[in-house]
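Undergrad: Sharing data.txt, compact mmCIF, C-alpha atoms:
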```txt
# COMPACT_ATOMS: atom_id res chain seq x y z
CA MET A 1 -58.45 10.44 -8.33
CA THR A 2 -58.68 6.97 -9.85
CA THR A 3 -60.32 3.80 -8.69
CA GLU A 4 -59.42 0.15 -8.98
CA ALA A 5 -61.92 -2.69 -8.66
CA GLY A 6 -64.52 -0.21 -7.41
CA LYS A 7 -62.40 1.04 -4.53
CA PRO A 8 -61.33 4.64 -3.85
CA PRO A 9 -57.76 5.53 -2.97
CA LYS A 10 -56.65 4.38 0.46
CA PRO A 11 -57.04 5.49 3.11
CA ILE A 12 -60.73 6.25 2.72
CA VAL A 13 -61.35 9.73 4.11
CA PHE A 14 -64.79 11.02 5.05
CA ALA A 15 -64.99 14.84 5.21
CA TYR A 16 -67.55 16.30 7.58
CA LEU A 17 -68.74 19.57 9.08
CA GLU A 18 -69.18 20.38 12.75
CA GLU A 19 -72.95 20.60 12.43
CA PRO A 20 -75.15 18.72 14.89
CA PRO A 21 -77.15 16.54 14.60
CA PHE A 22 -75.46 15.45 11.34
CA CYS A 23 -71.84 15.30 12.55
CA PHE A 24 -70.22 16.74 15.65
CA GLN A 25 -67.47 16.06 18.14
CA SER A 26 -68.32 15.00 21.68
CA ALA A 27 -66.46 16.30 24.73
CA ASP A 28 -63.86 13.56 24.37
CA GLY A 29 -63.24 14.38 20.71
CA ALA A 30 -65.12 11.40 19.28
CA VAL A 31 -67.27 12.09 16.22
CA GLN A 32 -70.99 11.47 16.56
CA GLY A 33 -74.08 12.28 14.54
CA SER A 34 -76.62 10.80 12.15
CA ASP A 35 -74.48 11.18 9.01
CA PHE A 36 -71.45 9.68 10.78
CA GLU A 37 -73.44 6.66 11.98
CA LEU A 38 -74.97 6.18 8.53
CA VAL A 39 -71.68 6.30 6.61
CA THR A 40 -70.14 3.94 9.18
CA ALA A 41 -72.96 1.43 8.68
CA VAL A 42 -72.81 1.66 4.88
CA LEU A 43 -69.04 1.23 4.69
CA SER A 44 -69.28 -1.69 7.11
CA ALA A 45 -71.88 -3.30 4.83
CA MET A 46 -69.28 -2.95 2.04
CA GLY A 47 -66.70 -4.74 4.19
CA ILE A 48 -64.85 -1.52 5.07
CA ASP A 49 -64.46 -1.23 8.82
CA ARG A 50 -61.82 1.48 9.01
CA PHE A 51 -61.81 4.97 7.54
CA GLU A 52 -60.47 8.39 8.44
CA MET A 53 -62.52 11.40 9.51
CA ARG A 54 -61.53 14.88 8.33
CA LEU A 55 -63.14 18.01 9.77
CA ALA A 56 -63.52 20.64 7.05
CA GLU A 57 -65.19 23.95 6.38
CA PHE A 58 -68.07 23.94 3.95
CA ALA A 59 -66.16 25.74 1.19
CA GLU A 60 -63.56 22.94 1.18
CA LEU A 61 -65.92 19.99 0.74
CA LEU A 62 -66.36 19.81 -3.02
CA PRO A 63 -62.86 21.03 -3.96
CA GLY A 64 -61.48 18.37 -1.62
CA LEU A 65 -63.31 15.68 -3.57
CA VAL A 66 -62.11 17.02 -6.90
CA ASP A 67 -58.46 17.14 -5.86
CA GLY A 68 -58.52 13.84 -3.99
CA ARG A 69 -58.14 14.95 -0.38
CA TRP A 70 -61.10 12.76 0.60
CA ALA A 71 -63.33 10.10 -0.92
CA ILE A 72 -66.75 10.98 0.52
CA THR A 73 -68.35 14.06 2.05
CA THR A 74 -71.12 14.42 4.56
CA PRO A 75 -74.48 14.68 2.76
CA LEU A 76 -75.21 17.97 1.00
CA PHE A 77 -78.22 19.40 -0.75
CA ILE A 78 -78.25 18.18 -4.35
CA SER A 79 -78.23 20.99 -6.91
CA PRO A 80 -77.56 21.19 -10.67
CA GLU A 81 -74.49 23.35 -10.03
CA ARG A 82 -73.00 20.82 -7.63
CA LYS A 83 -73.79 17.93 -9.97
CA ASN A 84 -71.55 19.60 -12.54
CA LEU A 85 -68.63 19.14 -10.14
CA VAL A 86 -69.33 15.89 -8.27
CA ASP A 87 -71.65 12.89 -8.18
CA PHE A 88 -74.12 12.03 -5.44
CA SER A 89 -75.44 8.92 -3.76
CA ARG A 90 -79.16 8.31 -3.54
CA PRO A 91 -80.78 10.89 -1.19
CA VAL A 92 -80.59 10.16 2.53
CA TRP A 93 -82.79 12.96 3.87
CA ALA A 94 -85.23 15.66 2.71
CA LEU A 95 -85.22 18.76 4.89
CA VAL A 96 -86.51 22.32 4.96
CA ASP A 97 -84.71 25.58 5.64
CA GLY A 98 -85.14 27.53 8.85
CA LEU A 99 -83.98 30.84 10.26
CA LEU A 100 -82.08 31.21 13.50
CA VAL A 101 -83.01 34.59 14.95
CA ARG A 102 -82.96 36.45 18.24
CA SER A 103 -86.04 35.41 20.20
CA ALA A 104 -87.51 38.91 20.07
CA ASP A 105 -87.46 38.84 16.26
CA GLY A 106 -89.14 35.46 15.78
CA GLY A 107 -92.58 36.89 15.09
CA ARG A 108 -91.59 39.15 12.20
CA LEU A 109 -88.64 37.49 10.45
CA THR A 110 -90.48 34.45 9.14
CA SER A 111 -89.17 34.10 5.59
CA TYR A 112 -86.49 35.17 3.16
CA ARG A 113 -88.98 37.62 1.66
CA ALA A 114 -89.67 39.15 5.08
CA LEU A 115 -85.95 39.77 5.44
CA ALA A 116 -85.82 41.30 1.97
CA ALA A 117 -88.75 43.62 2.74
CA GLU A 118 -87.31 44.93 6.00
CA ALA A 119 -84.88 47.71 5.23
CA GLY A 120 -81.48 47.04 6.74
CA ALA A 121 -82.22 43.44 7.81
CA ARG A 122 -79.11 41.31 7.34
CA LEU A 123 -78.92 37.60 6.61
CA VAL A 124 -75.86 35.51 7.47
CA VAL A 125 -75.12 32.28 5.64
CA VAL A 126 -72.28 29.81 5.45
CA ALA A 127 -70.65 30.79 2.16
CA ASN A 128 -71.66 28.70 -0.88
CA GLN A 129 -74.47 26.87 0.88
CA VAL A 130 -77.73 26.86 -1.10
CA GLN A 131 -79.36 29.32 1.32
CA GLU A 132 -77.12 32.08 -0.05
CA GLN A 133 -78.70 31.83 -3.51
CA THR A 134 -82.18 31.36 -2.03
CA GLY A 135 -81.81 34.63 -0.16
CA LEU A 136 -80.65 36.46 -3.28
CA THR A 137 -83.52 35.02 -5.32
CA ALA A 138 -85.99 36.19 -2.66
CA GLY A 139 -84.77 39.74 -3.13
CA ILE A 140 -82.29 40.24 -0.29
CA PRO A 141 -79.66 42.64 -1.66
CA ASN A 142 -76.19 41.16 -1.99
CA GLU A 143 -74.79 43.79 0.36
CA ARG A 144 -77.16 42.62 3.11
CA ILE A 145 -75.96 39.00 2.97
CA ILE A 146 -73.00 38.20 5.23
CA ARG A 147 -70.94 35.15 4.32
CA VAL A 148 -68.97 33.24 6.95
CA GLY A 149 -67.08 29.93 7.09
CA THR A 150 -68.83 27.91 9.79
CA GLN A 151 -72.07 27.39 11.67
CA GLU A 152 -70.46 28.72 14.85
CA ASP A 153 -69.41 31.93 13.09
CA ALA A 154 -72.96 32.42 11.79
CA VAL A 155 -74.55 31.92 15.21
CA LEU A 156 -72.16 34.46 16.74
CA MET A 157 -73.16 37.00 14.08
CA VAL A 158 -76.80 36.69 15.14
CA LYS A 159 -76.09 36.72 18.87
CA SER A 160 -73.92 39.82 18.53
CA GLY A 161 -76.49 41.69 16.44
CA CYS A 162 -74.25 41.84 13.37
CA ALA A 163 -76.90 39.81 11.50
CA ASP A 164 -80.64 39.51 12.02
CA ALA A 165 -81.05 35.91 10.88
CA TYR A 166 -78.98 32.88 9.97
CA ALA A 167 -80.37 30.69 7.20
CA SER A 168 -79.59 26.99 7.11
CA VAL A 169 -81.36 23.66 7.45
CA ALA A 170 -83.86 23.97 10.31
CA MET A 171 -82.61 20.64 11.69
CA ALA A 172 -79.09 22.07 11.98
CA HIS A 173 -80.40 25.03 13.98
CA ARG A 174 -82.29 22.73 16.33
CA GLY A 175 -79.25 20.49 16.65
CA PHE A 176 -77.06 23.44 17.59
CA LEU A 177 -79.48 24.70 20.24
CA ALA A 178 -79.91 21.21 21.66
CA ARG A 179 -76.18 21.09 22.39
CA GLN A 180 -75.76 24.77 23.26
CA PRO A 181 -79.07 26.06 24.67
CA ALA A 182 -79.54 29.82 24.28
CA SER A 183 -82.74 31.46 25.52
CA ASP A 184 -82.02 34.54 23.40
CA LEU A 185 -82.20 32.54 20.15
CA ALA A 186 -85.13 30.87 18.38
CA VAL A 187 -85.63 28.73 15.28
CA VAL A 188 -88.24 29.98 12.83
CA ALA A 189 -89.80 27.66 10.25
CA ILE A 190 -89.62 29.51 6.93
CA GLU A 191 -93.06 30.14 5.49
CA GLY A 192 -93.64 28.12 2.33
CA ALA A 193 -90.34 26.24 2.54
CA LEU A 194 -90.34 22.87 0.77
CA PRO A 195 -88.07 19.95 1.69
CA ALA A 196 -85.03 19.34 -0.50
CA GLY A 197 -82.95 16.19 -0.76
CA GLY A 198 -79.42 15.70 0.47
CA ALA A 199 -76.91 12.96 -0.35
CA PHE A 200 -73.30 11.87 0.13
CA ALA A 201 -70.97 13.36 -2.50
CA PHE A 202 -68.17 11.65 -4.47
CA ALA A 203 -65.60 12.62 -7.07
CA LYS A 204 -66.76 11.94 -10.61
CA SER A 205 -63.82 9.57 -11.01
CA SER A 206 -65.17 7.33 -8.22
CA THR A 207 -67.95 5.83 -10.34
CA ASP A 208 -67.44 2.20 -9.32
CA PHE A 209 -67.01 2.99 -5.65
CA ARG A 210 -70.12 5.18 -5.63
CA ALA A 211 -72.12 2.36 -7.27
CA ARG A 212 -71.02 -0.11 -4.59
CA PHE A 213 -71.76 2.47 -1.90
CA ASN A 214 -75.26 3.02 -3.30
CA LEU A 215 -76.03 -0.70 -3.21
CA ALA A 216 -74.97 -0.91 0.43
CA LEU A 217 -76.82 2.32 1.24
CA GLN A 218 -80.01 0.90 -0.25
CA SER A 219 -79.79 -2.06 2.12
CA VAL A 220 -79.44 0.23 5.15
CA LEU A 221 -81.96 3.00 4.44
CA GLY A 222 -85.35 2.28 5.97
CA SER A 223 -84.11 -0.59 8.10
CA THR A 224 -85.17 -0.89 11.72
CA TRP A 225 -81.71 0.24 12.78
CA HIS A 226 -81.80 3.25 10.46
CA ARG A 227 -85.24 4.41 11.60
CA SER A 228 -84.24 4.08 15.24
CA MET A 229 -80.93 5.87 14.72
CA MET A 230 -82.53 8.82 12.92
CA ALA A 231 -85.17 9.14 15.63
CA ARG A 232 -82.43 9.34 18.28
CA TYR A 233 -81.13 12.45 16.55
CA GLY A 234 -84.55 14.09 16.34
CA PHE A 235 -85.54 13.28 12.75
CA ALA A 236 -89.19 12.61 11.95
CA PRO A 237 -90.12 9.75 9.56
CA GLU A 238 -90.94 12.24 6.80
CA ASP A 239 -87.42 13.67 7.00
CA PHE A 240 -85.88 10.55 5.48
```
Would you mind writing the file's structure down as structure tokens?
TA:
Amino acid sequence: MTTEAGKPPKPIVFAYLEEPPFCFQSADGAVQGSDFELVTAVLSAMGIDRFEMRLAEFAELLPGLVDGRWAITTPLFISPERKNLVDFSRPVWALVDGLLVRSADGGRLTSYRALAAEAGARLVVVANQVQEQTGLTAGIPNERIIRVGTQEDAVLMVKSGCADAYASVAMAHRGFLARQPASDLAVVAIEGALPAGGAFAFAKSSTDFRARFNLALQSVLGSTWHRSMMARYGFAPEDF
């Protein structure tokens, strides 16, 4: 993918996940969410008022940047491995992991290590998200980690009893339950979890466009509009 005068190929395509409160479709099919509103505001500040949305599965996001299917992805955790493949904007949030569990299990499954220590306990993750490696590092055997393609698939694994916990960003768990309340599920804050930064991702060939995007992003982050928008989606000031 090449750029000209700091612009990515047209049309500009923004790839996103169905993952409230970051991005999600309303009943009428319109995309909403904090990441969607933020990218809209930043592109508008760059003079770009029209762009395409593309719903993707997590495993597609980075390959889609590399092969030019889209120009920007919804913000992802920044990791050294991902930085080998793509470039990132400045961070737009800093969030901690959480576990989605059945309500009856909330008192005992409080960390990755607790899952590792409980014989037979199974963790479900969206494949290739950072929580997969975190679980392995904490000692959960590979054969007790179930990998699926979407948030919805992971939630169903927990509800059905096929998995004991689903690891993701705690905010994503809360966003899911806010839209689809389930009294049999609970969000557990992982003991000792530290916040990690997330940012929009770009192809390495989009250097000029990413630089222009970062300048516009800097003008939006922390503004009155930005603080109000993030609060509407349940983010606390320390989350961004």
Undergrad: Counting all atoms listed in the file, which residue out of A:Ile72, A:Val31, A:Ala114, A:Leu136 sits closest to Ala201 in chain A?
TA: A:Ile72
Undergrad: Of the candidates A:Asn84, A:Ser205, A:Thr150, A:Ser103, which one gets nearest to Gly68 in chain A if we count all atoms listed in the file?
TA: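 Using all atoms listed in the file, Gly68 in chain A sits closest to A:Ser205.
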Undergrad: Give me the residues within 10 Å of Leu38 in chain A as a list in words, counting only C-alpha atoms and dropping any in the same chain fewer than 6 places off.
TA: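 Near Leu38 in chain A, the qualifying residues are Phe22, Ser44, Thr74, Val92, Leu217, Val220, Leu221, Trp225, His226, Met229 and Met230 of chain A.
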Undergrad: Using all atoms listed in the file, pick whichever of A:Ser206, A:Val158, A:Phe213, A:Asp28 has the shortest atom-to-atom distance to Asp184 in chain A.
TA: A:Val158
Undergrad: Hey, can you check how far CA of Leu85 in chain A sits from CA of Phe209 in chain A?
TA: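 Going from CA of Leu85 in chain A over to CA of Phe209 in chain A covers 16.8 Å.
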Undergrad: Which residue gives the smallest distance to Leu99 in chain A among A:Thr40, A:Ser168, A:Gln25, A:Thr137, with all atoms listed in the file counted?
TA: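 Among the listed residues, the smallest separation from Leu99 in chain A belongs to A:Ser168.
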Undergrad: Considering only C-alpha atoms, state which residue in the set A:Ala167, A:Ser89, A:Glu132, A:Ala186 is at the smallest distance from Ala211 in chain A.
TA: A:Ser89
Undergrad: Could you list, as a PDB file with C-alpha atoms, in the frame of the given file, every residue within 12 Å of Thr134 in chain A, counting all atoms listed in the file and ignoring same-chain residues fewer than 2 positions away?
TA:
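Once everything was written out, this is selection_13.pdb:
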```pdb
ATOM      1  CA  ASP A  97     -84.710  25.580   5.640  1.00  0.00           C
ATOM      2  CA  GLY A  98     -85.140  27.530   8.850  1.00  0.00           C
ATOM      3  CA  SER A 111     -89.170  34.100   5.590  1.00  0.00           C
ATOM      4  CA  TYR A 112     -86.490  35.170   3.160  1.00  0.00           C
ATOM      5  CA  ARG A 113     -88.980  37.620   1.660  1.00  0.00           C
ATOM      6  CA  LEU A 115     -85.950  39.770   5.440  1.00  0.00           C
ATOM      7  CA  ALA A 116     -85.820  41.300   1.970  1.00  0.00           C
ATOM      8  CA  LEU A 123     -78.920  37.600   6.610  1.00  0.00           C
ATOM      9  CA  VAL A 125     -75.120  32.280   5.640  1.00  0.00           C
ATOM     10  CA  ASN A 128     -71.660  28.700  -0.880  1.00  0.00           C
ATOM     11  CA  GLN A 129     -74.470  26.870   0.880  1.00  0.00           C
ATOM     12  CA  VAL A 130     -77.730  26.860  -1.100  1.00  0.00           C
ATOM     13  CA  GLN A 131     -79.360  29.320   1.320  1.00  0.00           C
ATOM     14  CA  GLU A 132     -77.120  32.080  -0.050  1.00  0.00           C
ATOM     15  CA  LEU A 136     -80.650  36.460  -3.280  1.00  0.00           C
ATOM     16  CA  THR A 137     -83.520  35.020  -5.320  1.00  0.00           C
ATOM     17  CA  ALA A 138     -85.990  36.190  -2.660  1.00  0.00           C
ATOM     18  CA  GLY A 139     -84.770  39.740  -3.130  1.00  0.00           C
ATOM     19  CA  ILE A 140     -82.290  40.240  -0.290  1.00  0.00           C
ATOM     20  CA  PRO A 141     -79.660  42.640  -1.660  1.00  0.00           C
ATOM     21  CA  ASN A 142     -76.190  41.160  -1.990  1.00  0.00           C
ATOM     22  CA  ILE A 145     -75.960  39.000   2.970  1.00  0.00           C
ATOM     23  CA  ALA A 167     -80.370  30.690   7.200  1.00  0.00           C
ATOM     24  CA  SER A 168     -79.590  26.990   7.110  1.00  0.00           C
ATOM     25  CA  ILE A 190     -89.620  29.510   6.930  1.00  0.00           C
ATOM     26  CA  ALA A 193     -90.340  26.240   2.540  1.00  0.00           C
TER      27      ALA A 193
END
```
Undergrad: So, with all atoms listed in the file as the atoms that count, which of A:Leu156, A:Ile48, A:Leu194, A:Val66 lies closest to Ala182 in chain A?
TA: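 Among A:Leu156, A:Ile48, A:Leu194, A:Val66, it is A:Leu156 that comes nearest to Ala182 in chain A.
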Undergrad: Could you jot down the CA of Phe202 in chain A to CA of Thr73 in chain A separation for me, Å, one decimal place?
TA: 7.0 Å
Undergrad: Rounded to one decimal place, report the CA of Leu177 in chain A-CA of Ala119 in chain A distance in Å.
TA: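 The value is 28.0 Å.
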Undergrad: Near Arg144 in chain A, within 9 Å and counting all atoms listed in the file, which residues show up once chain neighbours fewer than 5 positions away are dropped, as a compact mmCIF listing (two decimals) with C-alpha atoms, in the coordinates of the input?
TA:
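Now in result-v2.txt:
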```txt
# COMPACT_ATOMS: atom_id res chain seq x y z
CA ALA A 116 -85.82 41.30 1.97
CA GLY A 120 -81.48 47.04 6.74
CA ALA A 121 -82.22 43.44 7.81
CA ARG A 122 -79.11 41.31 7.34
CA LEU A 123 -78.92 37.60 6.61
CA VAL A 124 -75.86 35.51 7.47
CA ALA A 163 -76.90 39.81 11.50
```
Undergrad: Missing atoms in range 19-36 of chain A should be modelled up to N, CA, C and O atoms and reported as a CSV table (one decimal), in the frame of the given file.
TA:
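Writing the result to result.csv gives the following:
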```
chain,number,residue,atom,x,y,z
A,19,GLU,N,-71.6,20.1,12.6
A,19,GLU,CA,-73.0,20.6,12.4
A,19,GLU,C,-73.9,19.6,13.0
A,19,GLU,O,-74.4,18.7,12.3
A,20,PRO,N,-74.2,19.6,14.3
A,20,PRO,CA,-75.2,18.7,14.9
A,20,PRO,C,-76.5,19.0,14.3
A,20,PRO,O,-76.8,20.1,13.9
A,21,PRO,N,-77.4,17.9,14.1
A,21,PRO,CA,-77.2,16.5,14.6
A,21,PRO,C,-76.5,15.6,13.5
A,21,PRO,O,-76.4,14.5,13.7
A,22,PHE,N,-76.0,16.2,12.4
A,22,PHE,CA,-75.5,15.4,11.3
A,22,PHE,C,-74.1,14.9,11.7
A,22,PHE,O,-73.9,13.7,11.6
A,23,CYS,N,-73.2,15.7,12.1
A,23,CYS,CA,-71.8,15.3,12.6
A,23,CYS,C,-71.4,16.3,13.6
A,23,CYS,O,-71.5,17.5,13.4
A,24,PHE,N,-70.8,15.8,14.6
A,24,PHE,CA,-70.2,16.7,15.6
A,24,PHE,C,-69.3,16.0,16.6
A,24,PHE,O,-69.4,14.7,16.7
A,25,GLN,N,-68.4,16.7,17.2
A,25,GLN,CA,-67.5,16.1,18.1
A,25,GLN,C,-68.0,16.1,19.6
A,25,GLN,O,-68.5,17.2,20.0
A,26,SER,N,-67.9,15.0,20.3
A,26,SER,CA,-68.3,15.0,21.7
A,26,SER,C,-67.2,15.6,22.5
A,26,SER,O,-66.2,16.0,22.0
A,27,ALA,N,-67.4,15.7,23.8
A,27,ALA,CA,-66.5,16.3,24.7
A,27,ALA,C,-65.1,15.6,24.7
A,27,ALA,O,-64.1,16.2,24.9
A,28,ASP,N,-65.1,14.3,24.4
A,28,ASP,CA,-63.9,13.6,24.4
A,28,ASP,C,-63.2,13.5,23.0
A,28,ASP,O,-62.2,12.9,22.7
A,29,GLY,N,-63.8,14.3,22.0
A,29,GLY,CA,-63.2,14.4,20.7
A,29,GLY,C,-63.7,13.4,19.7
A,29,GLY,O,-63.4,13.4,18.5
A,30,ALA,N,-64.6,12.4,20.2
A,30,ALA,CA,-65.1,11.4,19.3
A,30,ALA,C,-66.2,12.0,18.4
A,30,ALA,O,-67.0,12.9,18.8
A,31,VAL,N,-66.3,11.6,17.1
A,31,VAL,CA,-67.3,12.1,16.2
A,31,VAL,C,-68.6,11.3,16.4
A,31,VAL,O,-68.6,10.1,16.5
A,32,GLN,N,-69.7,12.0,16.5
A,32,GLN,CA,-71.0,11.5,16.6
A,32,GLN,C,-71.9,12.1,15.5
A,32,GLN,O,-71.4,12.9,14.7
A,33,GLY,N,-73.1,11.7,15.4
A,33,GLY,CA,-74.1,12.3,14.5
A,33,GLY,C,-74.7,11.3,13.6
A,33,GLY,O,-74.2,10.2,13.3
A,34,SER,N,-75.9,11.7,13.0
A,34,SER,CA,-76.6,10.8,12.2
A,34,SER,C,-75.9,10.5,10.9
A,34,SER,O,-75.9,9.3,10.4
A,35,ASP,N,-75.2,11.4,10.3
A,35,ASP,CA,-74.5,11.2,9.0
A,35,ASP,C,-73.3,10.3,9.3
A,35,ASP,O,-72.9,9.4,8.5
A,36,PHE,N,-72.6,10.5,10.4
A,36,PHE,CA,-71.4,9.7,10.8
A,36,PHE,C,-71.9,8.2,11.0
A,36,PHE,O,-71.3,7.3,10.5
```
